[in-house]
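Structure file upload.cif with mmCIF, C-alpha atoms:
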data_structure
loop_
_atom_site.label_atom_id
_atom_site.label_comp_id
_atom_site.auth_asym_id
_atom_site.auth_seq_id
_atom_site.Cartn_x
_atom_site.Cartn_y
_atom_site.Cartn_z
CA MET A 1 104.83 44.59 121.86
CA ALA A 2 108.42 43.78 122.80
CA LYS A 3 109.32 40.42 124.25
CA PRO A 4 110.88 40.39 127.73
CA ASP A 5 114.35 39.80 126.22
CA GLY A 6 113.96 43.11 124.36
CA TYR A 7 113.16 45.22 127.40
CA LYS A 8 115.72 47.93 128.11
CA TYR A 9 114.05 50.41 130.47
CA MET A 10 111.43 50.48 133.15
CA VAL A 11 109.76 53.72 134.20
CA VAL A 12 108.64 54.08 137.79
CA ARG A 13 106.75 57.01 139.27
CA THR A 14 107.13 57.75 142.96
CA SER A 15 107.14 60.67 145.33
CA ASN A 16 110.38 62.36 146.36
CA ALA A 17 109.82 61.14 149.91
CA LYS A 18 109.75 57.48 148.82
CA LEU A 19 112.51 57.75 146.23
CA PRO A 20 115.35 56.25 148.34
CA GLN A 21 113.24 53.25 149.37
CA VAL A 22 111.95 52.64 145.85
CA ALA A 23 115.46 52.90 144.37
CA ALA A 24 116.81 50.42 146.95
CA PHE A 25 113.91 48.03 146.27
CA LEU A 26 114.45 48.17 142.50
CA GLN A 27 118.16 47.54 142.89
CA THR A 28 117.53 44.55 145.17
CA ILE A 29 115.00 43.02 142.76
CA TRP A 30 117.31 43.69 139.82
CA HIS A 31 120.18 41.79 141.45
CA GLU A 32 117.85 38.87 142.18
CA LEU A 33 116.62 38.72 138.57
CA ALA A 34 119.87 39.56 136.77
CA PRO A 35 122.81 39.03 139.17
CA ASN A 36 125.43 39.27 136.42
CA LEU A 37 124.20 42.55 134.94
CA PRO A 38 124.91 45.93 136.52
CA TYR A 39 122.01 47.98 137.84
CA ARG A 40 121.85 51.32 136.06
CA GLY A 41 119.05 53.25 137.69
CA PHE A 42 118.75 56.96 137.00
CA LEU A 43 116.28 59.78 137.39
CA GLN A 44 114.57 61.16 134.32
CA SER A 45 115.28 64.67 135.61
CA ASP A 46 119.03 63.89 135.53
CA LEU A 47 118.72 62.72 131.94
CA ILE A 48 116.84 65.87 130.93
CA GLU A 49 119.44 68.06 132.67
CA LYS A 50 122.24 66.26 130.83
CA GLU A 51 120.49 66.75 127.48
CA LEU A 52 120.02 70.46 128.19
CA ARG A 53 123.73 70.86 129.05
CA MET A 54 124.71 69.05 125.86
CA ALA A 55 122.40 71.25 123.79
CA GLN A 56 123.95 74.36 125.37
CA GLY A 57 127.42 73.01 124.55
CA PHE A 58 126.44 72.48 120.92
CA LYS A 59 125.13 76.05 120.77
CA SER A 60 128.47 77.31 122.04
CA ILE A 61 130.36 75.27 119.46
CA ALA A 62 128.07 76.52 116.70
CA PHE A 63 128.77 80.11 117.78
CA PHE A 64 132.55 79.87 118.16
CA LYS A 65 133.37 77.62 115.20
CA PRO A 66 132.85 80.35 112.56
CA LEU A 67 134.93 82.76 114.66
CA LEU A 68 137.78 80.27 114.87
CA LEU A 69 137.60 79.55 111.16
CA CYS A 70 137.82 83.27 110.36
CA TYR A 71 140.77 83.65 112.70
CA PHE A 72 142.69 80.73 111.20
CA GLN A 73 141.92 81.78 107.65
CA ARG A 74 143.25 85.24 108.47
CA GLN A 75 146.40 83.74 110.00
CA VAL A 76 146.99 81.61 106.91
CA TYR A 77 146.43 84.61 104.66
CA LEU A 78 148.84 86.78 106.67
CA HIS A 79 151.47 84.05 106.72
CA LYS A 80 151.11 83.40 102.99
CA PHE A 81 151.26 86.97 101.73
CA HIS A 82 153.37 88.81 104.31
#

Would you mind writing the file out in structure tokens?
Amino acid sequence: MAKPDGYKYMVVRTSNAKLPQVAAFLQTIWHELAPNLPYRGFLQSDLIEKELRMAQGFKSIAFFKPLLLCYFQRQVYLHKFH
């Protein structure tokens, strides 16, 4: 088990109705315990959404990269031999 100095994240489950109060409470406690460190609270749903957007971006890159390579190879070929 990690020692307290090695802790990086804390997971909290709450209802949507209590989310603003819980977030405010966590931020207040954080600033009492670690006043010189920024509070970086986030929702797991936001993290998942970000990962899905990144995955979609990588799919787009994987699709268009071969098309761009073909285009540039063709341009080089046309420039070289014509």

Computed interatomic separation between CA of Pro20 (chain A) and CA of Lys8 (chain A) (Å): 21.9 Å

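One distance worth recording is that between CA of Leu43 (chain A) and CA of Gln56 (chain A), which is 20.4 Å.
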
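From CA of Gln44 (chain A) back to CA of Gly57 (chain A), the distance works out to 20.0 Å.
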
Residue list as a list of chain:residue names for point (117.2, 56.5, 141.3), cut-off 8 Å, all atoms listed in the file: A:Leu19, A:Pro20, A:Val22, A:Ala23, A:Gly41, A:Phe42, A:Leu43

Please output region 3-14 of chain A, rebuilt to include all heavy atoms, as an mmCIF file, in the frame of the given file.
data_model
loop_
_atom_site.group_PDB
_atom_site.id
_atom_site.type_symbol
_atom_site.label_atom_id
_atom_site.label_comp_id
_atom_site.auth_asym_id
_atom_site.auth_seq_id
_atom_site.Cartn_x
_atom_site.Cartn_y
_atom_site.Cartn_z
ATOM 1 N N LYS A 3 109.198 41.601 123.393
ATOM 2 C CA LYS A 3 109.320 40.420 124.250
ATOM 3 C C LYS A 3 110.211 40.781 125.438
ATOM 4 O O LYS A 3 111.023 41.700 125.362
ATOM 5 C CB LYS A 3 109.943 39.282 123.445
ATOM 6 C CG LYS A 3 109.049 38.832 122.314
ATOM 7 C CD LYS A 3 109.655 37.699 121.546
ATOM 8 C CE LYS A 3 108.702 37.327 120.424
ATOM 9 N NZ LYS A 3 109.181 36.256 119.586
ATOM 10 N N PRO A 4 110.076 40.073 126.546
ATOM 11 C CA PRO A 4 110.880 40.390 127.730
ATOM 12 C C PRO A 4 112.380 40.505 127.466
ATOM 13 O O PRO A 4 113.056 41.314 128.076
ATOM 14 C CB PRO A 4 110.557 39.261 128.696
ATOM 15 C CG PRO A 4 109.171 38.860 128.317
ATOM 16 C CD PRO A 4 109.110 39.016 126.806
ATOM 17 N N ASP A 5 112.916 39.720 126.530
ATOM 18 C CA ASP A 5 114.350 39.800 126.220
ATOM 19 C C ASP A 5 114.707 41.146 125.581
ATOM 20 O O ASP A 5 115.865 41.550 125.599
ATOM 21 C CB ASP A 5 114.759 38.680 125.261
ATOM 22 C CG ASP A 5 114.704 37.313 125.923
ATOM 23 O OD1 ASP A 5 114.603 37.262 127.160
ATOM 24 O OD2 ASP A 5 114.763 36.306 125.199
ATOM 25 N N GLY A 6 113.714 41.836 125.016
ATOM 26 C CA GLY A 6 113.960 43.110 124.360
ATOM 27 C C GLY A 6 113.756 44.315 125.252
ATOM 28 O O GLY A 6 113.947 45.451 124.816
ATOM 29 N N TYR A 7 113.374 44.094 126.484
ATOM 30 C CA TYR A 7 113.160 45.220 127.400
ATOM 31 C C TYR A 7 114.494 45.882 127.737
ATOM 32 O O TYR A 7 115.487 45.216 127.985
ATOM 33 C CB TYR A 7 112.502 44.763 128.698
ATOM 34 C CG TYR A 7 111.086 44.257 128.569
ATOM 35 C CD1 TYR A 7 110.491 43.574 129.616
ATOM 36 C CD2 TYR A 7 110.335 44.461 127.420
ATOM 37 C CE1 TYR A 7 109.183 43.101 129.517
ATOM 38 C CE2 TYR A 7 109.040 44.000 127.328
ATOM 39 C CZ TYR A 7 108.468 43.316 128.373
ATOM 40 O OH TYR A 7 107.187 42.864 128.285
ATOM 41 N N LYS A 8 114.496 47.201 127.759
ATOM 42 C CA LYS A 8 115.720 47.930 128.110
ATOM 43 C C LYS A 8 115.508 48.868 129.281
ATOM 44 O O LYS A 8 116.430 49.115 130.036
ATOM 45 C CB LYS A 8 116.211 48.726 126.906
ATOM 46 C CG LYS A 8 116.695 47.868 125.768
ATOM 47 C CD LYS A 8 117.268 48.714 124.673
ATOM 48 C CE LYS A 8 117.747 47.828 123.540
ATOM 49 N NZ LYS A 8 118.386 48.595 122.494
ATOM 50 N N TYR A 9 114.313 49.428 129.421
ATOM 51 C CA TYR A 9 114.050 50.410 130.470
ATOM 52 C C TYR A 9 112.730 50.110 131.167
ATOM 53 O O TYR A 9 111.825 49.545 130.573
ATOM 54 C CB TYR A 9 113.971 51.832 129.891
ATOM 55 C CG TYR A 9 115.247 52.274 129.238
ATOM 56 C CD1 TYR A 9 115.400 52.219 127.858
ATOM 57 C CD2 TYR A 9 116.302 52.750 130.002
ATOM 58 C CE1 TYR A 9 116.576 52.620 127.255
ATOM 59 C CE2 TYR A 9 117.481 53.161 129.405
ATOM 60 C CZ TYR A 9 117.610 53.092 128.033
ATOM 61 O OH TYR A 9 118.774 53.497 127.451
ATOM 62 N N MET A 10 112.669 50.540 132.410
ATOM 63 C CA MET A 10 111.430 50.480 133.150
ATOM 64 C C MET A 10 111.239 51.863 133.775
ATOM 65 O O MET A 10 112.176 52.429 134.341
ATOM 66 C CB MET A 10 111.494 49.430 134.261
ATOM 67 C CG MET A 10 110.233 49.387 135.096
ATOM 68 S SD MET A 10 110.175 48.038 136.292
ATOM 69 C CE MET A 10 111.490 48.473 137.393
ATOM 70 N N VAL A 11 110.061 52.404 133.641
ATOM 71 C CA VAL A 11 109.760 53.720 134.200
ATOM 72 C C VAL A 11 108.918 53.522 135.448
ATOM 73 O O VAL A 11 107.934 52.786 135.432
ATOM 74 C CB VAL A 11 108.996 54.583 133.165
ATOM 75 C CG1 VAL A 11 108.632 55.928 133.760
ATOM 76 C CG2 VAL A 11 109.827 54.746 131.899
ATOM 77 N N VAL A 12 109.344 54.187 136.515
ATOM 78 C CA VAL A 12 108.640 54.080 137.790
ATOM 79 C C VAL A 12 108.346 55.488 138.282
ATOM 80 O O VAL A 12 109.227 56.346 138.278
ATOM 81 C CB VAL A 12 109.507 53.340 138.838
ATOM 82 C CG1 VAL A 12 108.827 53.320 140.184
ATOM 83 C CG2 VAL A 12 109.832 51.940 138.363
ATOM 84 N N ARG A 13 107.120 55.714 138.703
ATOM 85 C CA ARG A 13 106.750 57.010 139.270
ATOM 86 C C ARG A 13 106.605 56.841 140.787
ATOM 87 O O ARG A 13 105.958 55.914 141.254
ATOM 88 C CB ARG A 13 105.439 57.498 138.685
ATOM 89 C CG ARG A 13 104.963 58.803 139.334
ATOM 90 C CD ARG A 13 103.692 59.281 138.725
ATOM 91 N NE ARG A 13 104.099 60.101 137.589
ATOM 92 C CZ ARG A 13 103.239 60.673 136.773
ATOM 93 N NH1 ARG A 13 101.949 60.495 136.919
ATOM 94 N NH2 ARG A 13 103.668 61.412 135.776
ATOM 95 N N THR A 14 107.223 57.763 141.505
ATOM 96 C CA THR A 14 107.130 57.750 142.960
ATOM 97 C C THR A 14 107.261 59.179 143.475
ATOM 98 O O THR A 14 107.655 60.074 142.741
ATOM 99 C CB THR A 14 108.196 56.838 143.592
ATOM 100 O OG1 THR A 14 107.947 56.725 144.984
ATOM 101 C CG2 THR A 14 109.587 57.359 143.361
#
